[in-house]
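Structure file start.cif; described as mmCIF, C-alpha atoms.
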data_data
loop_
_atom_site.label_atom_id
_atom_site.label_comp_id
_atom_site.auth_asym_id
_atom_site.auth_seq_id
_atom_site.Cartn_x
_atom_site.Cartn_y
_atom_site.Cartn_z
CA MET A 1 161.13 -2.40 -10.35
CA LYS A 2 159.48 -5.10 -8.29
CA LEU A 3 161.74 -4.29 -5.34
CA LEU A 4 160.86 -0.64 -5.65
CA ARG A 5 157.18 -1.48 -5.72
CA THR A 6 157.53 -3.70 -2.67
CA LEU A 7 159.37 -0.94 -0.80
CA VAL A 8 156.69 1.57 -1.72
CA THR A 9 154.00 -0.81 -0.51
CA ILE A 10 155.79 -1.46 2.77
CA PHE A 11 156.37 2.24 3.26
CA ALA A 12 152.71 2.97 2.53
CA ALA A 13 151.51 0.25 4.84
CA LEU A 14 153.73 1.52 7.64
CA THR A 15 152.66 5.13 7.25
CA ALA A 16 149.02 4.15 6.88
CA VAL A 17 148.87 2.26 10.18
CA SER A 18 151.19 4.40 12.28
CA PRO A 19 149.21 6.39 14.88
CA ALA A 20 150.51 9.77 13.74
CA PRO A 21 150.81 10.06 9.94
CA THR A 22 153.48 12.71 9.91
CA LEU A 23 154.95 12.34 6.44
CA ALA A 24 152.04 12.96 4.16
CA GLY A 25 149.47 14.79 6.20
CA GLU A 26 151.56 17.35 8.08
CA GLY A 27 152.44 19.77 5.31
CA GLY A 28 149.14 19.23 3.56
CA ARG A 29 150.86 18.93 0.19
CA THR A 30 149.73 15.38 -0.53
CA ALA A 31 146.05 14.55 -0.38
CA LYS A 32 145.49 11.57 1.90
CA PRO A 33 143.45 8.71 0.54
CA LEU A 34 139.79 8.96 1.28
CA VAL A 35 138.34 5.66 2.37
CA GLU A 36 134.61 5.18 2.17
CA ILE A 37 133.23 1.85 3.38
CA ALA A 38 129.58 0.87 3.04
CA ASN A 39 129.49 -1.72 5.85
CA PRO A 40 132.31 -0.91 8.29
CA GLY A 41 133.43 -3.62 10.67
CA LYS A 42 132.33 -6.53 8.50
CA CYS A 43 135.66 -7.17 6.79
CA VAL A 44 137.16 -10.66 6.57
CA ALA A 45 140.22 -9.53 8.60
CA PRO A 46 141.24 -6.61 10.85
CA VAL A 47 142.09 -3.33 9.11
CA ASP A 48 145.86 -3.44 9.69
CA GLU A 49 146.05 -6.98 8.36
CA MET A 50 144.00 -6.05 5.30
CA ARG A 51 146.21 -3.04 4.59
CA ARG A 52 149.36 -5.10 4.69
CA ASN A 53 148.20 -8.39 3.24
CA HIS A 54 145.16 -7.92 1.00
CA MET A 55 147.25 -8.50 -2.12
CA GLU A 56 148.67 -11.74 -0.77
CA MET A 57 145.22 -12.94 0.31
CA LEU A 58 143.77 -12.23 -3.12
CA LYS A 59 146.74 -13.76 -4.90
CA HIS A 60 146.49 -17.07 -3.12
CA GLN A 61 142.72 -17.16 -3.34
CA ARG A 62 142.78 -16.54 -7.09
CA ASP A 63 145.08 -19.52 -7.65
CA ARG A 64 142.93 -21.81 -5.52
CA SER A 65 139.74 -20.66 -7.22
CA LEU A 66 140.96 -20.88 -10.77
CA ARG A 67 143.33 -23.81 -10.69
CA GLN A 68 141.68 -26.03 -8.08
CA GLY A 69 138.12 -24.79 -8.45
CA ILE A 70 137.67 -23.94 -4.76
CA ARG A 71 134.75 -21.54 -4.51
CA GLY A 72 133.27 -19.51 -1.68
CA GLU A 73 136.49 -18.46 0.03
CA PRO A 74 136.33 -15.41 2.30
CA ALA A 75 139.03 -13.47 0.40
CA SER A 76 137.16 -12.87 -2.83
CA LEU A 77 137.68 -9.86 -5.08
CA ASN A 78 133.97 -9.76 -5.93
CA ALA A 79 133.12 -9.70 -2.22
CA CYS A 80 135.60 -6.80 -1.72
CA ILE A 81 133.93 -4.85 -4.50
CA GLU A 82 130.38 -5.50 -3.23
CA CYS A 83 131.30 -3.88 0.09
CA HIS A 84 133.82 -1.23 -0.92
CA ALA A 85 132.28 0.19 -4.10
CA SER A 86 131.43 3.88 -3.89
CA LYS A 87 127.82 4.63 -3.02
CA THR A 88 127.62 7.27 -5.71
CA SER A 89 129.36 5.65 -8.67
CA GLY A 90 128.96 2.00 -7.61
CA SER A 91 132.60 1.35 -8.50
CA VAL A 92 135.93 0.90 -6.74
CA LEU A 93 137.62 2.85 -9.55
CA GLY A 94 137.11 6.21 -11.15
CA GLY A 95 138.36 8.92 -8.84
CA LYS A 96 139.99 9.88 -5.57
CA GLU A 97 136.97 8.87 -3.51
CA ASN A 98 136.83 5.34 -4.95
CA PHE A 99 138.20 2.78 -2.54
CA CYS A 100 140.84 0.88 -4.52
CA GLN A 101 142.03 3.75 -6.70
CA SER A 102 142.21 6.18 -3.80
CA CYS A 103 144.92 4.25 -1.90
CA HIS A 104 146.67 2.90 -4.94
CA SER A 105 147.22 6.31 -6.48
CA TYR A 106 148.35 7.60 -3.06
CA VAL A 107 151.04 4.94 -2.79
CA ALA A 108 151.71 4.90 -6.58
CA VAL A 109 151.13 1.17 -6.93
CA LYS A 110 149.73 0.05 -10.25
CA LEU A 111 146.30 -1.52 -10.01
CA ASP A 112 146.04 -4.28 -12.59
CA CYS A 113 143.07 -6.29 -11.26
CA PHE A 114 140.49 -4.30 -13.17
CA GLU A 115 142.08 -4.74 -16.57
CA CYS A 116 140.05 -7.96 -16.49
CA HIS A 117 137.81 -7.86 -13.41
CA GLN A 118 134.58 -5.87 -13.25
CA PRO A 119 135.09 -2.89 -10.86
CA LYS A 120 131.38 -2.19 -10.35
CA ALA A 121 129.29 -3.72 -7.61
CA ARG A 122 126.12 -5.63 -8.53
CA PHE A 123 127.04 -5.22 -12.20
CA LYS A 124 124.69 -7.05 -14.52
CA ALA A 125 126.04 -7.67 -17.99
CA ALA A 126 123.41 -7.14 -20.69
CA GLY A 127 120.94 -10.00 -20.68
CA LEU A 128 122.86 -11.98 -18.10
CA LYS A 129 120.87 -14.82 -16.61
CA PRO A 130 120.34 -14.75 -12.85
CA MET B 1 155.69 -30.44 -20.39
CA SER B 2 155.33 -33.69 -18.50
CA THR B 3 154.13 -33.31 -14.93
CA PRO B 4 152.72 -36.04 -12.69
CA GLU B 5 149.24 -34.67 -13.48
CA ASN B 6 149.42 -35.14 -17.21
CA ASN B 7 151.67 -38.15 -17.52
CA PRO B 8 149.30 -40.86 -18.80
CA ARG B 9 151.23 -43.73 -17.20
CA ARG B 10 151.10 -42.14 -13.77
CA GLN B 11 147.44 -41.34 -14.26
CA PHE B 12 146.85 -44.99 -15.02
CA ILE B 13 148.69 -46.12 -11.91
CA ALA B 14 146.90 -43.56 -9.78
CA ALA B 15 143.55 -44.55 -11.29
CA ALA B 16 144.22 -48.23 -10.72
CA GLY B 17 145.08 -47.47 -7.11
CA ALA B 18 142.02 -45.30 -6.65
CA GLY B 19 139.72 -47.71 -8.50
CA VAL B 20 138.17 -49.15 -5.37
CA ALA B 21 137.63 -45.62 -4.09
CA GLY B 22 135.10 -45.11 -6.86
CA LEU B 23 136.84 -43.78 -9.99
CA GLY B 24 134.62 -44.35 -13.05
CA PHE B 25 136.94 -45.71 -15.70
CA THR B 26 140.35 -45.02 -17.11
CA VAL B 27 141.66 -45.27 -20.64
CA ILE B 28 144.29 -47.97 -21.10
CA ALA B 29 144.49 -47.53 -24.86
CA PRO B 30 142.20 -45.75 -27.32
CA GLY B 31 138.89 -47.61 -27.23
CA LEU B 32 139.91 -49.83 -24.32
CA HIS B 33 138.64 -48.75 -20.91
CA LEU B 34 139.36 -50.14 -17.49
CA MET B 35 136.12 -50.14 -15.56
CA ALA B 36 136.63 -49.58 -11.87
CA VAL B 37 134.92 -51.59 -9.19
CA GLY B 38 132.69 -49.52 -6.98
CA GLU B 39 130.01 -46.93 -7.50
CA ALA B 40 130.89 -43.66 -9.19
CA LYS B 41 129.46 -40.68 -7.38
CA ALA B 42 126.79 -38.61 -9.07
CA ALA B 43 128.28 -35.14 -9.26
CA THR B 44 125.80 -32.86 -10.96
CA GLU B 45 125.04 -30.92 -7.78
CA ALA B 46 127.01 -27.87 -6.68
CA ARG B 47 130.29 -28.57 -4.95
CA LYS B 48 130.54 -27.52 -1.33
CA ALA B 49 132.23 -24.19 -0.69
CA GLY B 50 135.90 -24.79 0.05
CA SER B 51 136.16 -28.12 -1.78
CA ALA B 52 138.34 -28.51 -4.87
CA ALA B 53 137.30 -29.84 -8.28
CA SER B 54 137.49 -33.62 -8.18
CA PRO B 55 139.35 -35.84 -10.68
CA VAL B 56 136.58 -38.42 -10.17
CA VAL B 57 134.39 -36.19 -12.34
CA ARG B 58 135.01 -35.43 -16.00
CA TRP B 59 132.64 -32.86 -17.42
CA GLY B 60 131.64 -33.34 -21.02
CA LEU B 61 129.18 -32.39 -23.72
CA LEU B 62 127.33 -34.49 -26.25
CA ILE B 63 126.05 -32.57 -29.27
CA ASP B 64 123.49 -34.13 -31.58
CA ALA B 65 124.15 -32.56 -34.99
CA ASN B 66 120.88 -33.99 -36.35
CA LYS B 67 118.93 -31.79 -33.94
CA CYS B 68 121.03 -28.66 -34.58
CA ALA B 69 118.70 -26.36 -36.56
CA PRO B 70 120.05 -24.48 -39.62
CA GLY B 71 120.30 -20.74 -39.07
CA CYS B 72 119.82 -21.01 -35.28
CA THR B 73 122.40 -19.12 -33.24
CA LYS B 74 120.80 -19.42 -29.80
CA CYS B 75 123.82 -21.19 -28.26
CA ILE B 76 126.22 -18.58 -29.59
CA ASP B 77 124.06 -15.72 -28.33
CA ALA B 78 123.58 -17.32 -24.92
CA CYS B 79 127.31 -18.06 -24.55
CA HIS B 80 128.41 -14.60 -25.55
CA THR B 81 125.79 -12.96 -23.31
CA GLU B 82 126.63 -15.14 -20.35
CA ASN B 83 130.35 -14.56 -20.70
CA GLY B 84 130.15 -10.89 -21.68
CA VAL B 85 131.68 -11.42 -25.13
CA SER B 86 130.20 -8.38 -26.82
CA GLU B 87 133.00 -6.46 -28.51
CA THR B 88 132.59 -5.48 -32.16
CA LEU B 89 135.95 -4.40 -33.52
CA PRO B 90 136.47 -2.74 -36.92
CA ASP B 91 138.18 -5.91 -38.10
CA ALA B 92 135.57 -8.58 -37.36
CA ARG B 93 138.25 -11.29 -37.44
CA GLN B 94 139.56 -9.89 -34.16
CA ASN B 95 136.30 -10.40 -32.26
CA SER B 96 136.41 -13.14 -29.65
CA GLN B 97 134.61 -16.32 -30.57
CA TRP B 98 133.95 -18.75 -27.75
CA ILE B 99 131.60 -20.89 -29.82
CA ARG B 100 130.69 -20.87 -33.50
CA LYS B 101 128.45 -22.77 -35.87
CA ILE B 102 130.05 -24.89 -38.56
CA GLU B 103 128.25 -26.09 -41.66
CA LEU B 104 129.47 -29.25 -43.35
CA VAL B 105 128.31 -29.98 -46.89
CA ASP B 106 128.78 -33.39 -48.45
CA ARG B 107 129.63 -32.48 -52.03
CA ARG B 108 128.45 -35.83 -53.42
CA ASP B 109 124.85 -35.59 -52.25
CA GLY B 110 124.51 -32.08 -50.88
CA ARG B 111 123.69 -33.21 -47.33
CA VAL B 112 124.21 -30.30 -44.92
CA THR B 113 125.23 -30.88 -41.30
CA GLN B 114 125.29 -28.11 -38.69
CA LEU B 115 127.27 -28.25 -35.53
CA PRO B 116 128.47 -25.87 -32.83
CA MET B 117 132.25 -25.92 -32.36
CA MET B 118 134.05 -24.73 -29.26
CA CYS B 119 136.90 -25.75 -26.95
CA GLN B 120 136.76 -29.55 -26.95
CA HIS B 121 138.22 -29.84 -23.43
CA CYS B 122 140.75 -32.49 -24.44
CA ALA B 123 142.13 -34.95 -21.93
CA ASN B 124 145.54 -34.36 -23.53
CA PRO B 125 145.25 -30.70 -24.55
CA PRO B 126 147.90 -29.42 -27.00
CA CYS B 127 147.31 -25.87 -25.75
CA VAL B 128 148.51 -26.92 -22.28
CA ASP B 129 151.55 -28.71 -23.78
CA VAL B 130 152.78 -25.63 -25.62
CA CYS B 131 152.02 -22.90 -23.08
CA PRO B 132 155.36 -21.34 -22.05
CA THR B 133 154.08 -19.91 -18.75
CA GLY B 134 151.72 -22.64 -17.53
CA ALA B 135 148.73 -20.33 -17.95
CA SER B 136 146.90 -22.81 -20.16
CA MET B 137 145.79 -25.51 -17.77
CA LYS B 138 143.42 -28.39 -17.26
CA ARG B 139 141.42 -28.50 -14.06
CA ALA B 140 141.06 -31.78 -12.17
CA ASP B 141 137.55 -32.27 -13.52
CA GLY B 142 138.76 -32.00 -17.12
CA ILE B 143 137.84 -28.37 -17.87
CA VAL B 144 140.57 -26.65 -19.88
CA LEU B 145 141.08 -23.04 -18.83
CA VAL B 146 143.41 -20.08 -19.32
CA ASP B 147 144.82 -18.55 -16.14
CA ARG B 148 144.83 -14.92 -17.25
CA HIS B 149 146.99 -14.01 -14.28
CA THR B 150 149.92 -15.79 -15.94
CA CYS B 151 148.92 -15.56 -19.63
CA ILE B 152 151.35 -13.34 -21.54
CA GLY B 153 149.29 -13.34 -24.73
CA CYS B 154 151.87 -15.12 -26.90
CA ARG B 155 149.09 -16.99 -28.74
CA TYR B 156 151.11 -20.18 -29.03
CA CYS B 157 148.05 -22.11 -27.78
CA MET B 158 145.94 -20.62 -30.55
CA MET B 159 148.33 -22.12 -33.08
CA ALA B 160 148.45 -25.46 -31.28
CA CYS B 161 144.67 -25.92 -31.04
CA PRO B 162 143.38 -28.10 -33.89
CA TYR B 163 139.86 -26.69 -33.44
CA LYS B 164 140.67 -22.95 -33.63
CA ALA B 165 138.85 -22.74 -30.32
CA ARG B 166 140.85 -19.91 -28.78
CA SER B 167 140.63 -16.17 -29.29
CA PHE B 168 142.89 -13.29 -28.36
CA VAL B 169 141.37 -10.18 -26.81
CA HIS B 170 142.55 -7.24 -28.90
CA ALA B 171 140.91 -4.25 -27.21
CA PRO B 172 140.28 -3.01 -23.64
CA LEU B 173 137.01 -4.27 -22.14
CA THR B 174 134.65 -2.75 -19.58
CA GLU B 175 131.45 -4.83 -19.67
CA GLN B 176 132.73 -8.05 -18.13
CA ASN B 177 130.47 -10.34 -16.17
CA PRO B 178 131.82 -10.16 -12.58
CA GLU B 179 132.02 -13.96 -12.60
CA VAL B 180 133.84 -14.10 -15.93
CA PRO B 181 136.86 -11.77 -15.82
CA ARG B 182 138.42 -11.22 -19.23
CA GLY B 183 140.62 -8.52 -20.68
CA GLN B 184 142.96 -7.25 -23.33
CA GLY B 185 146.18 -9.11 -24.04
CA CYS B 186 145.07 -12.57 -22.97
CA VAL B 187 143.92 -15.63 -24.83
CA GLU B 188 140.54 -17.07 -23.93
CA SER B 189 138.16 -19.83 -24.93
CA CYS B 190 135.06 -21.72 -23.83
CA THR B 191 135.29 -22.42 -20.09
CA LEU B 192 132.36 -24.87 -20.19
CA CYS B 193 130.73 -22.10 -18.10
CA VAL B 194 132.89 -23.17 -15.18
CA HIS B 195 131.29 -20.53 -12.91
CA ARG B 196 127.87 -22.08 -13.57
CA VAL B 197 129.06 -25.68 -13.37
CA ASP B 198 130.60 -25.01 -9.95
CA LYS B 199 127.19 -23.82 -8.78
CA GLY B 200 125.51 -26.99 -10.06
CA GLN B 201 124.10 -25.39 -13.21
CA THR B 202 124.65 -26.40 -16.83
CA PRO B 203 126.52 -24.30 -19.42
CA ALA B 204 124.60 -21.44 -21.05
CA CYS B 205 124.67 -23.06 -24.52
CA VAL B 206 123.11 -26.26 -23.21
CA GLU B 207 120.43 -24.34 -21.37
CA SER B 208 119.56 -22.19 -24.38
CA CYS B 209 119.37 -24.88 -27.07
CA PRO B 210 115.71 -24.91 -28.25
CA THR B 211 115.92 -28.43 -29.70
CA GLY B 212 117.79 -30.06 -26.82
CA ALA B 213 120.69 -30.95 -29.09
CA MET B 214 123.26 -30.54 -26.31
CA THR B 215 123.67 -32.75 -23.25
CA PHE B 216 125.99 -31.82 -20.40
CA GLY B 217 127.17 -34.16 -17.69
CA ASP B 218 129.82 -36.28 -16.04
CA LEU B 219 131.44 -38.66 -18.53
CA ASN B 220 132.89 -40.71 -15.67
CA ASP B 221 129.55 -41.41 -14.04
CA PRO B 222 127.94 -44.45 -15.77
CA ALA B 223 124.55 -43.39 -14.36
CA SER B 224 124.64 -39.92 -15.95
CA ASP B 225 122.48 -39.09 -18.95
CA ILE B 226 125.48 -38.27 -21.12
CA ALA B 227 127.40 -41.46 -20.28
CA LYS B 228 124.34 -43.60 -20.97
CA ARG B 229 123.85 -41.97 -24.35
CA ILE B 230 127.50 -42.30 -25.29
CA ALA B 231 127.29 -45.98 -24.34
CA SER B 232 124.20 -46.57 -26.48
CA VAL B 233 124.56 -44.42 -29.61
CA PRO B 234 127.54 -43.99 -31.96
CA THR B 235 129.32 -40.72 -31.21
CA THR B 236 132.39 -39.09 -32.68
CA GLN B 237 135.24 -37.05 -31.34
CA VAL B 238 136.27 -34.56 -34.05
CA ARG B 239 139.76 -35.43 -35.33
CA SER B 240 139.90 -38.47 -33.07
CA ASP B 241 143.05 -39.45 -35.00
CA LEU B 242 144.91 -36.86 -32.92
CA ARG B 243 144.14 -38.93 -29.80
CA LEU B 244 143.38 -35.91 -27.67
CA ASN B 245 140.35 -37.63 -26.09
CA GLN B 246 138.03 -34.65 -26.16
CA ALA B 247 135.23 -34.23 -23.65
CA VAL B 248 132.98 -32.78 -26.36
CA ARG B 249 131.44 -35.49 -28.53
CA TYR B 250 129.22 -35.28 -31.57
CA GLN B 251 126.40 -37.49 -32.74
CA GLY B 252 125.26 -37.69 -36.38
CA ILE B 253 128.32 -36.33 -38.17
#
Please express the file's structure as structure tokens.
Amino acid sequence: MKLLRTLVTIFAALTAVSPAPTLAGEGGRTAKPLVEIANPGKCVAPVDEMRRNHMEMLKHQRDRSLRQGIRGEPASLNACIECHASKTSGSVLGGKENFCQSCHSYVAVKLDCFECHQPKARFKAAGLKP
Amino acid sequence: MSTPENNPRRQFIAAAGAGVAGLGFTVIAPGLHLMAVGEAKAATEARKAGSAASPVVRWGLLIDANKCAPGCTKCIDACHTENGVSETLPDARQNSQWIRKIELVDRRDGRVTQLPMMCQHCANPPCVDVCPTGASMKRADGIVLVDRHTCIGCRYCMMACPYKARSFVHAPLTEQNPEVPRGQGCVESCTLCVHRVDKGQTPACVESCPTGAMTFGDLNDPASDIAKRIASVPTTQVRSDLRLNQAVRYQGI
């Protein structure tokens, strides 16, 4: 299962960065992911690196943050959400136009982060202190 | 599970070696402390971005049960608001409980004592010992946490905890605080508001207490408010017979 997932991810990454996306777009049968970015060009790494390695970056950052208590690293899930949340719904989840879900449903990779993490930008829990 | 981090003998050797470098004190035996030479660093300010939690610090709480007002639930409300613990399930026993009030009644004379009970942040936490995946862990500064990325929700830690401090999340959640991720299928407990502590703030319960019954600080720093009070007034660790060396201490029970 894991191998399959890895293969799918690699395949997706390759097709996503290749100059001519022939497999998905040509026949028009599969809707391509729609990527909407609020502040383009301000990412922590170049686009091709983010496409291939964002999961690794987040994985290592999460361990350093939680287990060692290192805060303020560039690869932060909250920082991703602040920038990539949809302007209309304020979330990275919800539909085809929402950043994370858009690509993940295109490549059929399960998105587990938001079982626990808050997918909305600038979300204020009720009564939360500043 | 004995790793170099939680093996008390190795800790002692490491502490003895690091003594000159400014470690506060280390426990040789229960009640017997080795005081280190050198000045312990005051560590109540926010840590610099990119620096890890330091073993020089040990965060702790001192709760004065005499000041804890009957019927007051301010600390519980503040904790659950801060950490987004808001679910109300049909079976109320399944709701998460990061902190709760306990009432002790002395049957001989009817004296009532109130105290808030939460994760005691043990130096030798049984929840960490029993965790089959290593998800239950103690950070270098003594805060006991659950790594939800590796928690499989077996609830072994809930059985091991003598304080019933941990809860299991039974239902899907959507209203999480972005700084406090939590979700269905994992065990959770008081984090000592680790996201606030890392910013140099105090936990929500301490901040909300109207009578000032709770003191937060660095137990290893002899100059800190909490360490001075522990040195001057009699305080208790609940079930100290278990020798878990909790970071949460009580006064007046």
Which residues of chain B have any atom within 9 Å of an atom in chain A when counting only C-alpha atoms, and what is the closest pair of atoms for each, with the distance in Å to one decimal? Order the rows by chain and rising number and write it as CSV.
residue,atom,partner,partner_atom,distance
B:Arg47,CA,A:Arg71,CA,8.3
B:Lys48,CA,A:Arg71,CA,8.0
B:Ala49,CA,A:Gly72,CA,4.9
B:Gly50,CA,A:Ile70,CA,5.2
B:Ser51,CA,A:Ile70,CA,5.4
B:Ala52,CA,A:Ile70,CA,4.6
B:Ala53,CA,A:Gly69,CA,5.1
B:Ser54,CA,A:Gln68,CA,8.7
B:Ala78,CA,A:Leu128,CA,8.7
B:Thr81,CA,A:Leu128,CA,6.1
B:Glu82,CA,A:Leu128,CA,5.4
B:Asn83,CA,A:Leu128,CA,8.3
B:Gly84,CA,A:Ala125,CA,6.4
B:Met137,CA,A:Arg67,CA,7.7
B:Lys138,CA,A:Arg67,CA,8.0
B:Arg139,CA,A:Arg67,CA,6.1
B:Ala140,CA,A:Gln68,CA,7.1
B:Leu145,CA,A:Leu66,CA,8.3
B:Val146,CA,A:Leu66,CA,8.9
B:Asp147,CA,A:Leu66,CA,7.0
B:Arg148,CA,A:Cys116,CA,8.5
B:His149,CA,A:Arg62,CA,8.7
B:Pro172,CA,A:Glu115,CA,7.5
B:Leu173,CA,A:Cys116,CA,7.4
B:Thr174,CA,A:Gln118,CA,7.1
B:Glu175,CA,A:Ala125,CA,6.3
B:Gln176,CA,A:Gln118,CA,5.7
B:Asn177,CA,A:Ala125,CA,5.5
B:Pro178,CA,A:Gln118,CA,5.1
B:Glu179,CA,A:Asn78,CA,8.1
B:Val180,CA,A:His117,CA,7.8
B:Pro181,CA,A:His117,CA,4.7
B:Arg182,CA,A:Cys116,CA,4.6
B:Gly183,CA,A:Cys116,CA,4.3
B:Gln184,CA,A:Glu115,CA,7.3
B:Val194,CA,A:Gly69,CA,8.7
B:Asp198,CA,A:Gly69,CA,7.7
B:Lys199,CA,A:Arg71,CA,9.0
B:Ala204,CA,A:Lys129,CA,8.8
Inset, instruction - Figure out the distance between CA of Val248 in chain B and CA of Thr211 in chain B, please, to one decimal in Å. - result: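 About the pair CA of Thr211 in chain B and CA of Val248 in chain B: they are 17.9 Å apart.
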Inset, instruction - For CA of Gln251 in chain B and CA of Cys68 in chain B, determine how far apart the two atoms are, in Å to one decimal place. - result: 10.5 Å
Inset, instruction - Report as an MDAnalysis selection string the residues that result from applying the PyMOL selection byres ((chain B and resi 119) around 12) to the structure here. - result: chainID B and resid 60:61 97:100 116:118 120:123 125:127 138 142:146 157:158 161:167 188:193 238 246:249
Inset, instruction - Spell out the residues picked by the PyMOL selection byres ((chain A and resi 32-49) around 6) here, as a ChimeraX atom specification. - result: /A:31,50-53,83-84,97,99,102-103
Inset, instruction - Check what the PyMOL selection byres ((chain B and resi 94) around 10) selects in the file above and give those residues as a VMD selection string. - result: chain B and resid 87 to 93 95 to 97 167 to 171
Legend entry - Point-to-point distance in Å for CA of Pro55 in chain B and CA of Ala227 in chain B: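 So the two atoms, CA of Ala227 in chain B and CA of Pro55 in chain B, lie 16.3 Å apart.
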For range 99-117 of chain A, take all atoms listed in the file, fit an axis-aligned box around them, add 3 Å to each of the six sides, then output centre and edge lengths in Å rounded to one decimal, as JSON.
{"center_x": 144.8, "center_y": -0.2, "center_z": -9.2, "size_x": 19.9, "size_y": 21.6, "size_z": 20.7}
Inset, instruction - Would you mind telling me which residue in B:Leu62, B:Cys151, B:Ala135, B:Ala213 lies nearest to Gln114 in chain B when using all atoms listed in the file? - result: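 For Gln114 in chain B, the nearest of the given residues is B:Ala213.
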Generate the coordinates of N, CA and C atoms for range 79-94 of chain A; report them as a PDB file, in the frame of the given file.
ATOM      1  N   ALA A  79     133.669 -10.065  -3.536  1.00  0.00           N
ATOM      2  CA  ALA A  79     133.120  -9.700  -2.220  1.00  0.00           C
ATOM      3  C   ALA A  79     133.692  -8.352  -1.781  1.00  0.00           C
ATOM      4  N   CYS A  80     134.985  -8.105  -2.048  1.00  0.00           N
ATOM      5  CA  CYS A  80     135.600  -6.800  -1.720  1.00  0.00           C
ATOM      6  C   CYS A  80     134.823  -5.690  -2.400  1.00  0.00           C
ATOM      7  N   ILE A  81     134.568  -5.895  -3.705  1.00  0.00           N
ATOM      8  CA  ILE A  81     133.930  -4.850  -4.500  1.00  0.00           C
ATOM      9  C   ILE A  81     132.503  -4.596  -4.009  1.00  0.00           C
ATOM     10  N   GLU A  82     131.769  -5.655  -3.697  1.00  0.00           N
ATOM     11  CA  GLU A  82     130.380  -5.500  -3.230  1.00  0.00           C
ATOM     12  C   GLU A  82     130.314  -4.567  -2.027  1.00  0.00           C
ATOM     13  N   CYS A  83     131.316  -4.661  -1.130  1.00  0.00           N
ATOM     14  CA  CYS A  83     131.300  -3.880   0.090  1.00  0.00           C
ATOM     15  C   CYS A  83     131.948  -2.504  -0.084  1.00  0.00           C
ATOM     16  N   HIS A  84     132.999  -2.442  -0.877  1.00  0.00           N
ATOM     17  CA  HIS A  84     133.820  -1.230  -0.920  1.00  0.00           C
ATOM     18  C   HIS A  84     133.516  -0.298  -2.080  1.00  0.00           C
ATOM     19  N   ALA A  85     132.596  -0.684  -2.959  1.00  0.00           N
ATOM     20  CA  ALA A  85     132.280   0.190  -4.100  1.00  0.00           C
ATOM     21  C   ALA A  85     131.655   1.491  -3.584  1.00  0.00           C
ATOM     22  N   SER A  86     131.956   2.576  -4.288  1.00  0.00           N
ATOM     23  CA  SER A  86     131.430   3.880  -3.890  1.00  0.00           C
ATOM     24  C   SER A  86     129.911   3.904  -3.981  1.00  0.00           C
ATOM     25  N   LYS A  87     129.281   4.577  -3.014  1.00  0.00           N
ATOM     26  CA  LYS A  87     127.820   4.630  -3.020  1.00  0.00           C
ATOM     27  C   LYS A  87     127.298   5.447  -4.197  1.00  0.00           C
ATOM     28  N   THR A  88     128.095   6.420  -4.616  1.00  0.00           N
ATOM     29  CA  THR A  88     127.620   7.270  -5.710  1.00  0.00           C
ATOM     30  C   THR A  88     127.856   6.636  -7.084  1.00  0.00           C
ATOM     31  N   SER A  89     129.086   6.179  -7.339  1.00  0.00           N
ATOM     32  CA  SER A  89     129.360   5.650  -8.670  1.00  0.00           C
ATOM     33  C   SER A  89     129.214   4.136  -8.754  1.00  0.00           C
ATOM     34  N   GLY A  90     129.110   3.457  -7.605  1.00  0.00           N
ATOM     35  CA  GLY A  90     128.960   2.000  -7.610  1.00  0.00           C
ATOM     36  C   GLY A  90     130.224   1.261  -7.995  1.00  0.00           C
ATOM     37  N   SER A  91     131.364   1.969  -8.016  1.00  0.00           N
ATOM     38  CA  SER A  91     132.600   1.350  -8.500  1.00  0.00           C
ATOM     39  C   SER A  91     133.724   1.546  -7.484  1.00  0.00           C
ATOM     40  N   VAL A  92     134.753   0.704  -7.585  1.00  0.00           N
ATOM     41  CA  VAL A  92     135.930   0.900  -6.740  1.00  0.00           C
ATOM     42  C   VAL A  92     136.997   1.713  -7.489  1.00  0.00           C
ATOM     43  N   LEU A  93     136.707   2.069  -8.728  1.00  0.00           N
ATOM     44  CA  LEU A  93     137.620   2.850  -9.550  1.00  0.00           C
ATOM     45  C   LEU A  93     136.932   4.125  -9.999  1.00  0.00           C
ATOM     46  N   GLY A  94     137.710   5.028 -10.533  1.00  0.00           N
ATOM     47  CA  GLY A  94     137.110   6.210 -11.150  1.00  0.00           C
ATOM     48  C   GLY A  94     137.704   7.506 -10.651  1.00  0.00           C
TER      49      GLY A  94
END
